[in-house]
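Colleague: Please find one structure pasted underneath; my questions will follow.
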Amino acid sequence: IEAAHTAYVRAGARVLITSSYQATYEGFAHRGAGHEEATGLLRRSVELARVAAGRAVAERTAAERAGGGERGAEPVWVAASVGPYGAMLADGSEYRGRYGLSVAELARFHRPRIEALAAAGPDALALETVPDADEAEAMLSAAERCGVPVWLSYSIAGETTRAGQPLRDAFALAAGVDQVIAVGVNCCEPGDADRAVEIAADTTGKPVVVYPNSGEEWDATARSWRGRATFDPGRVKA
């Protein structure tokens, strides 16, 4: 994991997202890990990214100074990944939402791991691949007192969340929340990203994060990607 993070920074990344997306107390318990061990694993995901970030920045700084520069390398952020409830189920429901749980129940699920990740000292929390505005509300509530800024990123289909809510309504949840430093979309079709970026920026006035899939479709039964890549790097500027 540390080597993977390092490779991303060497390739030019300025933000590392931790490997905690699917990590939950419930999931670890099914694998025989108790609460204390699970907390340690969540924190370890942040530590691994932080070590890789520090090493890569040191490499860049040394290289720049060897070339006569004095400023040093720009810092690399560590964003602790918090995936949706459906990621724990590992049945594809993270692309549907609507788990039959209330906002309060979802907040209770997310709060312990958000607190554990925040305690490890990331620069931000990535509340990502959120399929449902109700879950977004729960995640924002769970993160409210964690003391770490967050970005909120939805998984979408067209101009709606995966659960079918209009994106403008979904992004509006974060519009007046100072803790939310950016909003956006991820794990979506490349062609859906353009309009979503416009809606996110227009609705919230905040910076936008956008990291779509490459275009394949996930087969939850076969646990593999199908189809071919459709993402064109030339669209990044747009």
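Identifiers for the structure tokens are assigned positionally: chains receive A, B, ... in sequence, residues are indexed from 1 per chain, and ligands are indexed from 1 in the order shown.
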Excluding segment 202-216 of chain A and any residue of its chain fewer than 2 positions from it, enumerate the residues within 7 Å of it, using only C-alpha atoms, and give them as an MDAnalysis selection string.
Modeller: chainID A and resid 168 171:172 174:175 181:190 193 197:200 218 225:231
Colleague: For Thr160 of chain A, list every protein, DNA or RNA residue within 9 Å, evaluated using only C-alpha atoms, and leave out those in the same chain fewer than 6 positions away; present the list as a list of chain:residue names.
Modeller: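 The residues that qualify are A:Pro166, A:Leu167, A:Arg168, A:Ala170, A:Ala196.
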Colleague: Show which residues sit within 7 Å of Ser81 of chain A, as an mmCIF file with N, CA, C and O atoms, in the first residue's frame. Count only C-alpha atoms, and ignore same-chain residues fewer than 4 positions away.
Modeller:
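To be explicit, this is the file written out as result_9.cif:
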```
data_model
loop_
_atom_site.group_PDB
_atom_site.id
_atom_site.type_symbol
_atom_site.label_atom_id
_atom_site.label_comp_id
_atom_site.auth_asym_id
_atom_site.auth_seq_id
_atom_site.Cartn_x
_atom_site.Cartn_y
_atom_site.Cartn_z
ATOM 1 N N ILE A 17 -5.421 9.286 -1.401
ATOM 2 C CA ILE A 17 -6.633 8.793 -0.738
ATOM 3 C C ILE A 17 -6.293 7.466 -0.077
ATOM 4 O O ILE A 17 -5.769 6.551 -0.724
ATOM 5 N N THR A 18 -6.585 7.349 1.200
ATOM 6 C CA THR A 18 -6.193 6.159 1.952
ATOM 7 C C THR A 18 -6.949 4.915 1.493
ATOM 8 O O THR A 18 -7.970 4.991 0.810
ATOM 9 N N SER A 19 -6.444 3.766 1.920
ATOM 10 C CA SER A 19 -7.011 2.476 1.516
ATOM 11 C C SER A 19 -8.148 2.027 2.439
ATOM 12 O O SER A 19 -8.397 0.829 2.592
ATOM 13 N N SER A 20 -8.858 2.980 3.030
ATOM 14 C CA SER A 20 -9.884 2.664 4.030
ATOM 15 C C SER A 20 -11.305 2.700 3.478
ATOM 16 O O SER A 20 -12.271 2.570 4.247
ATOM 17 N N TYR A 21 -11.456 2.848 2.176
ATOM 18 C CA TYR A 21 -12.780 2.999 1.571
ATOM 19 C C TYR A 21 -13.773 1.937 2.039
ATOM 20 O O TYR A 21 -14.902 2.235 2.417
ATOM 21 N N LEU A 125 -11.158 14.387 5.063
ATOM 22 C CA LEU A 125 -11.892 13.134 4.893
ATOM 23 C C LEU A 125 -12.530 13.150 3.512
ATOM 24 O O LEU A 125 -13.132 14.153 3.116
ATOM 25 N N ALA A 126 -12.384 12.066 2.782
ATOM 26 C CA ALA A 126 -13.044 11.923 1.486
ATOM 27 C C ALA A 126 -14.297 11.091 1.676
ATOM 28 O O ALA A 126 -14.236 9.863 1.758
ATOM 29 N N LEU A 127 -15.440 11.757 1.789
ATOM 30 C CA LEU A 127 -16.725 11.065 1.857
ATOM 31 C C LEU A 127 -17.089 10.781 0.406
ATOM 32 O O LEU A 127 -17.605 11.643 -0.292
ATOM 33 N N GLU A 128 -16.805 9.577 -0.067
ATOM 34 C CA GLU A 128 -16.796 9.358 -1.507
ATOM 35 C C GLU A 128 -17.669 8.198 -1.965
ATOM 36 O O GLU A 128 -18.035 7.329 -1.194
#
```
Colleague: Rank A:Leu101, A:Ala4, A:Ala87, A:Met139 by their smallest atom-to-atom distance to Gly27 of chain A, using only C-alpha atoms, and report the top residue only.
Modeller: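 Once distances to Gly27 of chain A are computed over only C-alpha atoms, the minimum belongs to A:Ala87.
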Colleague: Work out how far apart atom CA of Glu36 of chain A and atom CA of Leu106 of chain A are and give it in Å to one decimal.
Modeller: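 Distance reported for this atom pair: 21.6 Å.
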Colleague: For the helix (DSSP H, G or I) assignment from backbone DSSP, which residues of chain A qualify? Please present them as a ChimeraX atom specification.
Modeller: /A:2-10,25-30,35-66,85-89,93-95,103-119,133-143,167-172,190-204,233-235
Colleague: Got a sec: who's within 12 Å of Pro149 of chain A, counting only C-alpha atoms, leaving out chain neighbours fewer than 5 positions off, as an NGL selection string?
Modeller: :A and (77-80 or 114 or 118 or 121-127 or 140 or 143-144 or 177-183)
Colleague: Point out the residue among A:Trp151, A:Tyr8, A:Tyr85, A:Phe28 with the least atom-to-atom distance to His110 of chain A, counting only C-alpha atoms.
Modeller: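 For His110 of chain A, the nearest of the given residues is A:Tyr85.
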Colleague: Please compute the atom CA of Arg10 of chain A-atom CA of Arg55 of chain A distance, one decimal, in Å.
Modeller: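 Computing it gives 10.1 Å between the two atoms.
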Colleague: Find the residue from A:Ala29, A:Ala222, A:Ala13, A:Val150 that sits nearest to Ala136 of chain A; use only C-alpha atoms when measuring.
Modeller: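 Using only C-alpha atoms, the shortest distance to Ala136 of chain A belongs to A:Val150.
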Colleague: Give the strand (DSSP E or B) residues of chain A, as assigned by DSSP on the backbone, as an NGL selection string.
Modeller: :A and (15-17 or 77-82 or 124-130 or 150-154 or 156-157 or 160-161 or 166 or 180-186 or 208-211 or 217-219 or 224-226)
Colleague: My list of candidates is A:Ile156, A:Ala220, A:Val130, A:Ala238. Which is closest to Gly92 of chain A when distances are computed with only C-alpha atoms?
Modeller: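 Once distances to Gly92 of chain A are computed over only C-alpha atoms, the minimum belongs to A:Ala220.
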Colleague: Between atom CA of Asp169 of chain A and atom CA of Pro84 of chain A, what is the distance, to one decimal in Å?
Modeller: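 Calculated distance between atom CA of Asp169 of chain A and atom CA of Pro84 of chain A is 18.7 Å.
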